[in-house]
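Peer 1: Please see the structure below; I have some questions.
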2 protein chains.
Amino acid sequence: MPDDFALEIAATDGAARTGTLVTPHGVIRTPAFMPVGTQATVKGILPEAVRATGADILLGNTYHLMLRPGAEEVAALGGLHRFMNWPHPILTDSGGFQVMSLATLRKVDADGVTFRSHLDGSTHRLTPERAVEIQTLLGSDIVMQLDECIRLPAARDEIARAMALSLAWAERCKRAFENASPGRALFGIVQGGDDPELRVESARRLVDIGFPGYAVGGLAVGEPQDVMLRMIETVAPVLPADRPRYLMGVGTPEDILEAVARGIDMFDCVMPTRNGRHGLAFTRRGPVNLKNARHAADPRPLDEESTCPAARDYSRAYLHHLVKANEMLGAILLSTVNLAYYQDLTGGMRAAIANGTFEAFRATTRECWDAGDIAPR
Amino acid sequence: MPDDFALEIAATDGAARTGTLVTPHGVIRTPAFMPVGTQATVKGILPEAVRATGADILLGNTYHLMLRPGAEEVAALGGLHRFMNWPHPILTDSGGFQVMSLATLRKVDADGVTFRSHLDGSTHRLTPERAVEIQTLLGSDIVMQLDECIRLPAARDEIARAMALSLAWAERCKRAFENASPGRALFGIVQGGDDPELRVESARRLVDIGFPGYAVGGLAVGEPQDVMLRMIETVAPVLPADRPRYLMGVGTPEDILEAVARGIDMFDCVMPTRNGRHGLAFTRRGPVNLKNARHAADPRPLDEESTCPAARDYSRAYLHHLVKANEMLGAILLSTVNLAYYQDLTGGMRAAIANGTFEAFRATTRECWDAGDIAPR
């Protein structure tokens with residue numbers, strides 16, 4: 001397994017850190033937000049437009065890609081980077097989460113999980129070895145171990161069982177990854193539900209196995225934000241300082257701000273694109289629902305100071321019109337605005353941590369959200 | 001009425017012509033293909049991306065825009081150019097065609113047409129004067145007269161009645177347009193169905209009234225291509241050589257090639273974007289249906305020599321995947337490819353006419369289409 005994959009920390013500020021990760025397809029600046037390219041596309045956005053929002057790395061979904069078009073098929077076409085015309089870093093998940101949330105008739109055993117495709121009902125199997133193989137065929141820069149994700153709330157013994165199984169699978173994934181090409185990295189995933197003791201045990205045992213990076217999984221599955229933040233506070237100190245920490249599937253801008261404050265480096269979430277498709281824009285002044293009729297005659301852009309042309313060059317009235325008329329361009333523009341906002345937020349955090357002003361940034365950002373969207377002038 | 005709006009003809013080759021039209025928002029190179037921006041957006045394509053395909057001018061639909069968001073509303077927001085962030089020329093139709101094809105319970109009288117919105121059933125009225133007023137509020141560079149469009153086949157006396165009504169409305173539109181701001185132009189529309197005598201009569205009487213440009217309407221409504229081409233051959237010689245000729249709602253690449261050969265200068269059609277949304281690409285080698293499973297493992301781009309990055313940077317396998325997975329990006333890429341192909345086609349014709357090689361261009365283009373899409377190498 002490659003051992004040259006470390007987070008080069010440029011600065012810390014409290015528990016928050018900023019730095020860089022080097023991958024075979026380029027550098028990732030942390031804290032990093034990874035747009036989600038579920039089916040080998042960030043929904044509705046050209047890859048060069050995703051890049052232009054400031055994204056260093058995308059996330060691809062093993063579950064979706066193994067079902068369609070298929071891992072071997074993507075490999076034969078030159079791998080996922082070439083397939084989707086994204087020559088920059090890619091992290092792939094292991095499929096475990098989507099097996100829980102999308103597949104039907106799933107059956108977990110000690111060796112792996114058998115499930116039926118949500119697309120056509122066909123039967124498939126994922127084992128730790130196959131999860132690594134699929135991600136290797138896709139050509140991922142960062143590979144995630146297979147884990148068992150359970151829904152919360154759950155009984156403690158059920159959480160403990162799934163955590164133990166995920167640890168066993170972590171070891172098998174590490175062995176399966178031993179011959180990976182240089183520079184690529186396998187991340188272990190901390191499980192343990194909402195139980196602090198199980199979380200700490202999971203993290204310690206993963207560190208004993210040893211990974212180039214660690215994810216915190218099984219959160220943002222419906223639990224209150226304070227539970228999620230408490231789990232991060234519990235786990236982060238157990239993880240090695242020089243390894244990247246990735247909070248999977250998170251979250252709102254506030255989730256990300258608070259998680260960075262607690263030492264998280266990487267995030268992925270469908271919120272910017274999914275909300276964009278449903279008419280919601282994230283801005284410095286909080287969310288703006290473009291479906292609302294109050295925008296119908298508003299000539300102002302979403303944010304005249306945004307780095308994103310889509311937030312500056314179109315009136316709220318026009319965006320409202322597109323959303324009401326169910327035009328694709330509404331989804332495209334708002335998804336772009338939201339991806340850019342998430343990148344501006346993580347970029348702002350990187351700069352603030354480097355300057356030793358993270359607390360001031362955090363306070364100002366929260367004040368700006370709380371002040372809310374300004375009235376028409 | 002402005003009288004400085006003339007087609008500056010740079011070259012002719014047979015009946016085909018190439019030249020330029022100057023409008024308040026820029027120059028249109030003819031033959032010109034106008035992408036359709038029905039609801040103040042070319043479906044799925046950013047305005048700068050539409051421009052990058054080579055488009056000089058867009059078409060906007062009066063019917064759609066008067067219903068949503070409303071002409072007065074667009075005017076209050078600075079006009080259609082600003083509303084949709086397209087600072088280049090815009091032509092708007094008069095609404096007559098969509099009243100026929102989309103509205104319910106329409107009733108035509110001598111003064112205008114009353115109809116119910118397809119959106120909410122509300123009642124609206126268009127008169128020649130209101131059609132001009134709406135297009136003026138939108139800020140169109142080229143305004144179309146209100147006409148009555150009928151379906152073909154139709155009885156001769158019905159065609160004659162609608163033609164006579166359209167001529168009366170043409171005169172009223174001209175009067176209503178008399179105080180238009182300088183540089184803007186009102187086009188008359190030749191009607192007459194598939195009857196050559198009525199077509200000639202319509203064209204002659206429109207020329208007697210006098211317009212800066214002339215459209216041929218009521219074609220591409222289901223009649224065979226040879227009927228359409230015969231009508232063009234009948235009408236074009238009656239129209240003044242120094243005025244642009246616009247064939248409304250046409251058409252396939254072949255329709256456009258053959259219409260230019262018969263002296264048409266301007267076109268609009270939803271085919272590039274509508275077909276793109278349905279998985280069909282137009283290429284130099286004819287149409288390619290990306291839904292077809294034969295593309296699933298094809299690493300080749302749609303056209304390695306295209307001027308359009310979307311046709312060069314993505315494999316057919318990837319485009320097939322996007323179409324099968326119903327991903328927005330498939331519609332976006334294929335719509336872009338198609339808009340670029342239509343612009344390449346009209347651009348190729350402009351160059352060929354200028355070089356006096358239009359017949360060779362026409363023959364080569366047809367041969368290339370007929371040879372069909374090449375097999376994988």
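Scheme for the structure tokens: letters A, B, ... for chains in order shown; per-chain residue numbers from 1; ligand numbers from 1 in order shown.
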Return as a VMD selection string the full set of residues in segment 220-341 of chain A whose backbone-based DSSP assignment is strand (DSSP E).

Peer 2: chain A and resid 245 to 247 266 to 269 280 to 283 286 to 289

Peer 1: How would the residues just picked look written out with N, CA and C atoms as a JSON list (two decimals), in the first residue's frame?

Peer 2:
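Contents of again.json, freshly written:
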[["chain", "number", "residue", "atom", "x", "y", "z"],
["A", 245, "ARG", "N", -8.95, 13.69, 7.15],
["A", 245, "ARG", "CA", -10.19, 13.23, 7.78],
["A", 245, "ARG", "C", -11.38, 13.68, 6.93],
["A", 246, "TYR", "N", -12.18, 12.70, 6.56],
["A", 246, "TYR", "CA", -13.25, 12.94, 5.59],
["A", 246, "TYR", "C", -14.58, 12.59, 6.24],
["A", 247, "LEU", "N", -15.46, 13.58, 6.31],
["A", 247, "LEU", "CA", -16.80, 13.38, 6.88],
["A", 247, "LEU", "C", -17.77, 13.09, 5.74],
["A", 266, "MET", "N", -12.30, 16.98, 4.71],
["A", 266, "MET", "CA", -12.93, 16.70, 3.41],
["A", 266, "MET", "C", -14.42, 16.40, 3.60],
["A", 267, "PHE", "N", -15.19, 16.79, 2.58],
["A", 267, "PHE", "CA", -16.65, 16.63, 2.60],
["A", 267, "PHE", "C", -17.15, 16.27, 1.21],
["A", 268, "ASP", "N", -18.28, 15.58, 1.18],
["A", 268, "ASP", "CA", -19.03, 15.45, -0.07],
["A", 268, "ASP", "C", -20.50, 15.54, 0.27],
["A", 269, "CYS", "N", -21.29, 16.05, -0.67],
["A", 269, "CYS", "CA", -22.73, 16.10, -0.42],
["A", 269, "CYS", "C", -23.46, 16.43, -1.71],
["A", 280, "LEU", "N", -33.55, 26.06, -4.91],
["A", 280, "LEU", "CA", -32.96, 26.70, -3.72],
["A", 280, "LEU", "C", -31.50, 27.08, -3.98],
["A", 281, "ALA", "N", -31.19, 28.32, -3.67],
["A", 281, "ALA", "CA", -29.82, 28.80, -3.82],
["A", 281, "ALA", "C", -29.19, 29.00, -2.45],
["A", 282, "PHE", "N", -27.94, 28.57, -2.29],
["A", 282, "PHE", "CA", -27.16, 28.89, -1.10],
["A", 282, "PHE", "C", -26.36, 30.16, -1.39],
["A", 283, "THR", "N", -26.45, 31.11, -0.46],
["A", 283, "THR", "CA", -25.69, 32.36, -0.64],
["A", 283, "THR", "C", -25.05, 32.74, 0.69],
["A", 286, "GLY", "N", -27.47, 33.29, 3.41],
["A", 286, "GLY", "CA", -28.38, 32.19, 3.71],
["A", 286, "GLY", "C", -29.09, 31.70, 2.46],
["A", 287, "PRO", "N", -29.94, 30.70, 2.61],
["A", 287, "PRO", "CA", -30.62, 30.12, 1.45],
["A", 287, "PRO", "C", -31.68, 31.06, 0.89],
["A", 288, "VAL", "N", -31.85, 31.02, -0.43],
["A", 288, "VAL", "CA", -32.88, 31.81, -1.12],
["A", 288, "VAL", "C", -33.72, 30.83, -1.94],
["A", 289, "ASN", "N", -35.02, 30.81, -1.66],
["A", 289, "ASN", "CA", -35.91, 29.91, -2.40],
["A", 289, "ASN", "C", -36.50, 30.64, -3.60]]

Peer 1: Identify, on the basis of only C-alpha atoms, every residue whose closest approach to segment 29-40 of chain A does not exceed 7 Å; exclude the query and any residue fewer than 6 positions from it along the same chain; express the result as a ChimeraX atom specification.

Peer 2: /A:18-21,55,57-61,64-65,84,265-270,342-343,346,350

Peer 1: Could you build a table of the residues in chain A lying no more than 10 Å from chain B, giving for each the nearest pair of atoms and their separation in Å rounded to one decimal place, using only C-alpha atoms, ordered by chain and ascending residue number, as JSON lines?

Peer 2:
{"residue": "A:Gln39", "atom": "CA", "partner": "B:Ala325", "partner_atom": "CA", "distance": 7.6}
{"residue": "A:Ala40", "atom": "CA", "partner": "B:Leu322", "partner_atom": "CA", "distance": 8.3}
{"residue": "A:Thr41", "atom": "CA", "partner": "B:Leu329", "partner_atom": "CA", "distance": 7.2}
{"residue": "A:Val42", "atom": "CA", "partner": "B:Leu329", "partner_atom": "CA", "distance": 8.2}
{"residue": "A:Lys43", "atom": "CA", "partner": "B:Met328", "partner_atom": "CA", "distance": 6.3}
{"residue": "A:Gly44", "atom": "CA", "partner": "B:Met328", "partner_atom": "CA", "distance": 4.9}
{"residue": "A:Ile45", "atom": "CA", "partner": "B:Leu329", "partner_atom": "CA", "distance": 6.6}
{"residue": "A:Leu46", "atom": "CA", "partner": "B:Leu329", "partner_atom": "CA", "distance": 7.0}
{"residue": "A:Pro47", "atom": "CA", "partner": "B:Leu329", "partner_atom": "CA", "distance": 9.7}
{"residue": "A:Arg68", "atom": "CA", "partner": "B:His321", "partner_atom": "CA", "distance": 7.6}
{"residue": "A:Pro69", "atom": "CA", "partner": "B:His321", "partner_atom": "CA", "distance": 6.5}
{"residue": "A:Glu73", "atom": "CA", "partner": "B:Ala297", "partner_atom": "CA", "distance": 7.1}
{"residue": "A:Val74", "atom": "CA", "partner": "B:Ala297", "partner_atom": "CA", "distance": 8.8}
{"residue": "A:Ala76", "atom": "CA", "partner": "B:Ala297", "partner_atom": "CA", "distance": 8.0}
{"residue": "A:Leu77", "atom": "CA", "partner": "B:Pro299", "partner_atom": "CA", "distance": 6.1}
{"residue": "A:Gly78", "atom": "CA", "partner": "B:Pro299", "partner_atom": "CA", "distance": 8.7}
{"residue": "A:Arg82", "atom": "CA", "partner": "B:Tyr314", "partner_atom": "CA", "distance": 8.4}
{"residue": "A:Phe83", "atom": "CA", "partner": "B:Tyr318", "partner_atom": "CA", "distance": 6.1}
{"residue": "A:Met84", "atom": "CA", "partner": "B:Tyr318", "partner_atom": "CA", "distance": 7.0}
{"residue": "A:Asn85", "atom": "CA", "partner": "B:Tyr314", "partner_atom": "CA", "distance": 6.7}
{"residue": "A:Leu119", "atom": "CA", "partner": "B:Ala325", "partner_atom": "CA", "distance": 9.9}
{"residue": "A:Ala296", "atom": "CA", "partner": "B:Pro69", "partner_atom": "CA", "distance": 8.2}
{"residue": "A:Ala297", "atom": "CA", "partner": "B:Glu73", "partner_atom": "CA", "distance": 7.1}
{"residue": "A:Asp298", "atom": "CA", "partner": "B:Leu77", "partner_atom": "CA", "distance": 8.0}
{"residue": "A:Pro299", "atom": "CA", "partner": "B:Leu77", "partner_atom": "CA", "distance": 6.1}
{"residue": "A:Arg300", "atom": "CA", "partner": "B:Leu77", "partner_atom": "CA", "distance": 9.7}
{"residue": "A:Ala310", "atom": "CA", "partner": "B:Leu46", "partner_atom": "CA", "distance": 9.5}
{"residue": "A:Asp313", "atom": "CA", "partner": "B:Asn85", "partner_atom": "CA", "distance": 6.9}
{"residue": "A:Tyr314", "atom": "CA", "partner": "B:Asn85", "partner_atom": "CA", "distance": 6.7}
{"residue": "A:Ser315", "atom": "CA", "partner": "B:Phe83", "partner_atom": "CA", "distance": 7.2}
{"residue": "A:Arg316", "atom": "CA", "partner": "B:Phe83", "partner_atom": "CA", "distance": 9.9}
{"residue": "A:Ala317", "atom": "CA", "partner": "B:Leu77", "partner_atom": "CA", "distance": 8.0}
{"residue": "A:Tyr318", "atom": "CA", "partner": "B:Phe83", "partner_atom": "CA", "distance": 6.1}
{"residue": "A:Leu319", "atom": "CA", "partner": "B:Met84", "partner_atom": "CA", "distance": 9.5}
{"residue": "A:His320", "atom": "CA", "partner": "B:Pro69", "partner_atom": "CA", "distance": 9.5}
{"residue": "A:His321", "atom": "CA", "partner": "B:Pro69", "partner_atom": "CA", "distance": 6.5}
{"residue": "A:Leu322", "atom": "CA", "partner": "B:Gln39", "partner_atom": "CA", "distance": 8.1}
{"residue": "A:Lys324", "atom": "CA", "partner": "B:Arg68", "partner_atom": "CA", "distance": 9.1}
{"residue": "A:Ala325", "atom": "CA", "partner": "B:Gln39", "partner_atom": "CA", "distance": 7.6}
{"residue": "A:Asn326", "atom": "CA", "partner": "B:Gln39", "partner_atom": "CA", "distance": 10.0}
{"residue": "A:Glu327", "atom": "CA", "partner": "B:Lys43", "partner_atom": "CA", "distance": 6.7}
{"residue": "A:Met328", "atom": "CA", "partner": "B:Gly44", "partner_atom": "CA", "distance": 4.9}
{"residue": "A:Leu329", "atom": "CA", "partner": "B:Gly44", "partner_atom": "CA", "distance": 5.0}
{"residue": "A:Gly330", "atom": "CA", "partner": "B:Gly44", "partner_atom": "CA", "distance": 8.6}
{"residue": "A:Ala331", "atom": "CA", "partner": "B:Gly44", "partner_atom": "CA", "distance": 8.9}
{"residue": "A:Ile332", "atom": "CA", "partner": "B:Gly44", "partner_atom": "CA", "distance": 7.5}
{"residue": "A:Leu333", "atom": "CA", "partner": "B:Leu46", "partner_atom": "CA", "distance": 8.3}

Peer 1: Go ahead and save the residues from that selection, with N, CA and C atoms, as a CSV table (one decimal), in the first residue's frame.

Peer 2:
chain,number,residue,atom,x,y,z
A,39,GLN,N,-23.6,9.4,-11.3
A,39,GLN,CA,-23.6,8.5,-12.4
A,39,GLN,C,-22.6,9.0,-13.4
A,40,ALA,N,-21.3,9.3,-13.0
A,40,ALA,CA,-20.3,9.8,-13.8
A,40,ALA,C,-20.6,11.1,-14.4
A,41,THR,N,-21.4,11.9,-13.7
A,41,THR,CA,-21.6,13.3,-14.0
A,41,THR,C,-22.2,14.0,-12.8
A,42,VAL,N,-21.6,15.2,-12.6
A,42,VAL,CA,-22.3,16.1,-11.6
A,42,VAL,C,-23.5,16.6,-12.3
A,43,LYS,N,-24.7,16.3,-11.7
A,43,LYS,CA,-25.9,16.5,-12.5
A,43,LYS,C,-26.1,17.9,-13.0
A,44,GLY,N,-26.1,17.9,-14.4
A,44,GLY,CA,-26.4,19.2,-15.1
A,44,GLY,C,-25.3,20.1,-15.3
A,45,ILE,N,-24.1,19.7,-14.9
A,45,ILE,CA,-22.9,20.7,-15.0
A,45,ILE,C,-21.8,20.1,-15.8
A,46,LEU,N,-21.3,20.8,-16.8
A,46,LEU,CA,-20.2,20.4,-17.6
A,46,LEU,C,-19.0,20.3,-16.7
A,47,PRO,N,-18.1,19.3,-16.9
A,47,PRO,CA,-16.9,19.1,-16.0
A,47,PRO,C,-16.1,20.4,-15.9
A,68,ARG,N,-24.3,0.5,-13.8
A,68,ARG,CA,-24.4,1.2,-15.1
A,68,ARG,C,-23.4,2.2,-15.2
A,69,PRO,N,-22.4,2.2,-16.1
A,69,PRO,CA,-22.3,1.2,-17.2
A,69,PRO,C,-21.6,-0.1,-16.8
A,73,GLU,N,-16.5,-2.1,-17.9
A,73,GLU,CA,-16.9,-1.2,-19.1
A,73,GLU,C,-16.1,0.1,-19.0
A,74,VAL,N,-16.2,0.7,-17.8
A,74,VAL,CA,-15.5,2.0,-17.6
A,74,VAL,C,-14.0,1.8,-17.8
A,76,ALA,N,-12.4,-0.4,-19.6
A,76,ALA,CA,-12.1,-0.6,-21.0
A,76,ALA,C,-12.2,0.7,-21.8
A,77,LEU,N,-12.9,1.7,-21.3
A,77,LEU,CA,-12.9,3.0,-21.9
A,77,LEU,C,-11.9,4.0,-21.3
A,78,GLY,N,-10.9,3.5,-20.6
A,78,GLY,CA,-9.8,4.3,-20.1
A,78,GLY,C,-10.0,4.8,-18.7
A,82,ARG,N,-11.2,9.6,-17.7
A,82,ARG,CA,-11.4,9.9,-19.1
A,82,ARG,C,-12.8,9.8,-19.5
A,83,PHE,N,-13.5,8.8,-18.9
A,83,PHE,CA,-14.9,8.5,-19.3
A,83,PHE,C,-15.8,9.8,-19.1
A,84,MET,N,-15.6,10.5,-18.0
A,84,MET,CA,-16.4,11.7,-17.7
A,84,MET,C,-15.7,13.0,-18.0
A,85,ASN,N,-14.5,12.9,-18.6
A,85,ASN,CA,-13.8,14.1,-19.0
A,85,ASN,C,-13.4,15.0,-17.9
A,119,LEU,N,-32.3,-0.6,-10.4
A,119,LEU,CA,-32.6,-0.3,-11.8
A,119,LEU,C,-33.4,-1.4,-12.4
A,296,ALA,N,-40.3,37.5,-8.2
A,296,ALA,CA,-40.8,37.6,-9.6
A,296,ALA,C,-40.4,38.9,-10.3
A,297,ALA,N,-40.3,40.0,-9.6
A,297,ALA,CA,-40.0,41.3,-10.2
A,297,ALA,C,-38.6,41.8,-9.7
A,298,ASP,N,-37.8,41.0,-9.1
A,298,ASP,CA,-36.6,41.5,-8.4
A,298,ASP,C,-35.4,41.5,-9.4
A,299,PRO,N,-35.0,42.7,-9.8
A,299,PRO,CA,-33.9,42.7,-10.8
A,299,PRO,C,-32.5,42.4,-10.2
A,300,ARG,N,-32.4,42.2,-8.9
A,300,ARG,CA,-31.1,42.0,-8.3
A,300,ARG,C,-30.5,40.6,-8.6
A,310,ALA,N,-22.8,32.9,-12.6
A,310,ALA,CA,-24.2,32.6,-12.5
A,310,ALA,C,-24.9,33.3,-11.4
A,313,ASP,N,-24.8,37.4,-13.0
A,313,ASP,CA,-25.2,37.8,-14.4
A,313,ASP,C,-26.7,37.6,-14.6
A,314,TYR,N,-27.5,37.1,-13.7
A,314,TYR,CA,-28.9,36.8,-13.9
A,314,TYR,C,-29.7,37.4,-12.7
A,315,SER,N,-30.8,38.0,-13.0
A,315,SER,CA,-31.7,38.6,-12.0
A,315,SER,C,-32.4,37.4,-11.2
A,316,ARG,N,-32.8,37.7,-10.0
A,316,ARG,CA,-33.6,36.8,-9.3
A,316,ARG,C,-35.0,36.6,-10.0
A,317,ALA,N,-35.4,37.6,-10.7
A,317,ALA,CA,-36.7,37.5,-11.4
A,317,ALA,C,-36.5,36.4,-12.5
A,318,TYR,N,-35.4,36.5,-13.2
A,318,TYR,CA,-35.1,35.5,-14.3
A,318,TYR,C,-35.0,34.1,-13.7
A,319,LEU,N,-34.3,33.9,-12.6
A,319,LEU,CA,-34.1,32.6,-12.0
A,319,LEU,C,-35.5,32.1,-11.5
A,320,HIS,N,-36.3,33.0,-11.0
A,320,HIS,CA,-37.6,32.6,-10.6
A,320,HIS,C,-38.4,32.1,-11.8
A,321,HIS,N,-38.4,32.9,-12.9
A,321,HIS,CA,-39.1,32.5,-14.1
A,321,HIS,C,-38.6,31.1,-14.6
A,322,LEU,N,-37.3,30.9,-14.6
A,322,LEU,CA,-36.8,29.5,-15.0
A,322,LEU,C,-37.3,28.4,-14.1
A,324,LYS,N,-40.0,28.4,-12.2
A,324,LYS,CA,-41.5,28.3,-12.4
A,324,LYS,C,-41.8,27.6,-13.7
A,325,ALA,N,-41.0,27.9,-14.7
A,325,ALA,CA,-41.3,27.3,-16.0
A,325,ALA,C,-40.6,25.9,-16.2
A,326,ASN,N,-40.0,25.5,-15.1
A,326,ASN,CA,-39.4,24.1,-15.1
A,326,ASN,C,-38.3,24.0,-16.2
A,327,GLU,N,-37.6,25.1,-16.4
A,327,GLU,CA,-36.6,25.1,-17.4
A,327,GLU,C,-35.2,24.5,-16.9
A,328,MET,N,-34.6,23.6,-17.7
A,328,MET,CA,-33.3,23.1,-17.3
A,328,MET,C,-32.3,24.1,-16.9
A,329,LEU,N,-32.3,25.3,-17.5
A,329,LEU,CA,-31.3,26.3,-17.2
A,329,LEU,C,-31.4,26.8,-15.8
A,330,GLY,N,-32.6,26.7,-15.2
A,330,GLY,CA,-32.8,27.1,-13.8
A,330,GLY,C,-32.0,26.1,-12.9
A,331,ALA,N,-32.1,24.8,-13.1
A,331,ALA,CA,-31.4,23.8,-12.4
A,331,ALA,C,-29.9,24.0,-12.6
A,332,ILE,N,-29.5,24.3,-13.8
A,332,ILE,CA,-28.1,24.4,-14.2
A,332,ILE,C,-27.5,25.6,-13.4
A,333,LEU,N,-28.2,26.8,-13.6
A,333,LEU,CA,-27.6,28.0,-12.9
A,333,LEU,C,-27.6,27.9,-11.4

Peer 1: Neighbours of Pro153 of chain B within 9 Å (only C-alpha atoms; same-chain residues fewer than 2 positions away dropped), as a PyMOL selection string?

Peer 2: chain B and resi 150-151+155+193-194+222-223

Peer 1: Using DSSP secondary structure from the backbone, list all helix (DSSP H, G or I) positions within segment 173-295 of chain A, as a PyMOL selection string.

Peer 2: chain A and resi 173-176+196-209+225-238+253-261+271-277+293-295

Peer 1: Those same residues - C-alpha atoms - I'd like them written as a PDB file, in the first residue's frame.

Peer 2:
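What ended up in part.pdb:
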ATOM      1  CA  CYS A 173      -9.709  -4.034   1.877  1.00  0.00           C
ATOM      2  CA  LYS A 174      -6.200  -3.109   2.992  1.00  0.00           C
ATOM      3  CA  ARG A 175      -4.876  -6.499   1.865  1.00  0.00           C
ATOM      4  CA  ALA A 176      -6.768  -6.248  -1.417  1.00  0.00           C
ATOM      5  CA  PRO A 196     -19.089   7.589  21.595  1.00  0.00           C
ATOM      6  CA  GLU A 197     -17.391   4.481  23.005  1.00  0.00           C
ATOM      7  CA  LEU A 198     -17.985   2.474  19.848  1.00  0.00           C
ATOM      8  CA  ARG A 199     -16.791   5.419  17.745  1.00  0.00           C
ATOM      9  CA  VAL A 200     -13.541   5.633  19.685  1.00  0.00           C
ATOM     10  CA  GLU A 201     -13.044   1.868  19.505  1.00  0.00           C
ATOM     11  CA  SER A 202     -13.657   1.909  15.757  1.00  0.00           C
ATOM     12  CA  ALA A 203     -11.209   4.781  15.231  1.00  0.00           C
ATOM     13  CA  ARG A 204      -8.478   3.212  17.413  1.00  0.00           C
ATOM     14  CA  ARG A 205      -8.687  -0.161  15.708  1.00  0.00           C
ATOM     15  CA  LEU A 206      -8.626   1.458  12.261  1.00  0.00           C
ATOM     16  CA  VAL A 207      -5.518   3.432  13.230  1.00  0.00           C
ATOM     17  CA  ASP A 208      -3.954   0.180  14.411  1.00  0.00           C
ATOM     18  CA  ILE A 209      -4.580  -1.308  10.984  1.00  0.00           C
ATOM     19  CA  GLN A 225     -26.646  18.060  14.168  1.00  0.00           C
ATOM     20  CA  ASP A 226     -25.389  18.161  17.767  1.00  0.00           C
ATOM     21  CA  VAL A 227     -25.069  14.357  17.800  1.00  0.00           C
ATOM     22  CA  MET A 228     -23.050  14.509  14.586  1.00  0.00           C
ATOM     23  CA  LEU A 229     -20.770  17.224  15.960  1.00  0.00           C
ATOM     24  CA  ARG A 230     -20.296  15.328  19.224  1.00  0.00           C
ATOM     25  CA  MET A 231     -19.230  12.227  17.295  1.00  0.00           C
ATOM     26  CA  ILE A 232     -16.686  14.311  15.362  1.00  0.00           C
ATOM     27  CA  GLU A 233     -15.337  15.803  18.582  1.00  0.00           C
ATOM     28  CA  THR A 234     -15.024  12.289  19.980  1.00  0.00           C
ATOM     29  CA  VAL A 235     -13.336  10.741  16.952  1.00  0.00           C
ATOM     30  CA  ALA A 236     -11.044  13.464  15.585  1.00  0.00           C
ATOM     31  CA  PRO A 237      -8.550  13.434  18.489  1.00  0.00           C
ATOM     32  CA  VAL A 238      -8.097   9.675  18.073  1.00  0.00           C
ATOM     33  CA  PRO A 253     -22.937  24.939   4.884  1.00  0.00           C
ATOM     34  CA  GLU A 254     -23.297  25.150   8.673  1.00  0.00           C
ATOM     35  CA  ASP A 255     -22.481  21.437   9.099  1.00  0.00           C
ATOM     36  CA  ILE A 256     -19.309  21.973   7.102  1.00  0.00           C
ATOM     37  CA  LEU A 257     -18.276  25.112   8.975  1.00  0.00           C
ATOM     38  CA  GLU A 258     -18.742  23.393  12.339  1.00  0.00           C
ATOM     39  CA  ALA A 259     -17.052  20.172  11.239  1.00  0.00           C
ATOM     40  CA  VAL A 260     -13.984  22.053   9.995  1.00  0.00           C
ATOM     41  CA  ALA A 261     -13.881  23.786  13.379  1.00  0.00           C
ATOM     42  CA  MET A 271     -27.080  19.245  -1.370  1.00  0.00           C
ATOM     43  CA  PRO A 272     -25.691  21.927  -3.715  1.00  0.00           C
ATOM     44  CA  THR A 273     -26.904  20.169  -6.856  1.00  0.00           C
ATOM     45  CA  ARG A 274     -30.070  18.569  -5.471  1.00  0.00           C
ATOM     46  CA  ASN A 275     -31.225  21.841  -3.935  1.00  0.00           C
ATOM     47  CA  GLY A 276     -30.248  23.683  -7.093  1.00  0.00           C
ATOM     48  CA  ARG A 277     -32.544  21.423  -9.075  1.00  0.00           C
ATOM     49  CA  ALA A 293     -43.215  34.735  -5.841  1.00  0.00           C
ATOM     50  CA  ARG A 294     -41.466  37.595  -4.031  1.00  0.00           C
ATOM     51  CA  HIS A 295     -38.597  37.208  -6.506  1.00  0.00           C
TER      52      HIS A 295
END

Peer 1: Work out how far atom CA of Glu48 of chain B is from atom CA of Ser94 of chain B, in Å to one decimal.

Peer 2: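 So the two atoms, atom CA of Ser94 of chain B and atom CA of Glu48 of chain B, lie 25.7 Å apart.
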
Peer 1: For each of A:Val337, A:Leu138, A:Met248, A:Leu102, take the minimum atom-to-atom distance to Leu80 of chain A, counting only C-alpha atoms, then give the residue where this is smallest.

Peer 2: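 Ranked by minimum distance to Leu80 of chain A, first place goes to A:Leu138.
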
Peer 1: From the options A:Thr136, A:Thr12, A:Ser335, A:Asn179, which residue's atoms come nearest to Met66 of chain A, counting only C-alpha atoms?

Peer 2: A:Thr136

Peer 1: Please measure the separation of atom CA of Phe358 of chain A and atom CA of Gly14 of chain A, giving the value in Å to one decimal.

Peer 2: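 Atom CA of Gly14 of chain A lies 8.3 Å from atom CA of Phe358 of chain A.
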
Peer 1: For each of A:Phe187, A:Thr53, A:Ala162, A:Leu219, take the minimum atom-to-atom distance to Ala311 of chain A, counting only C-alpha atoms, then give the residue where this is smallest.

Peer 2: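 Looking only at the distances to Ala311 of chain A, the closest residue turns out to be A:Thr53.
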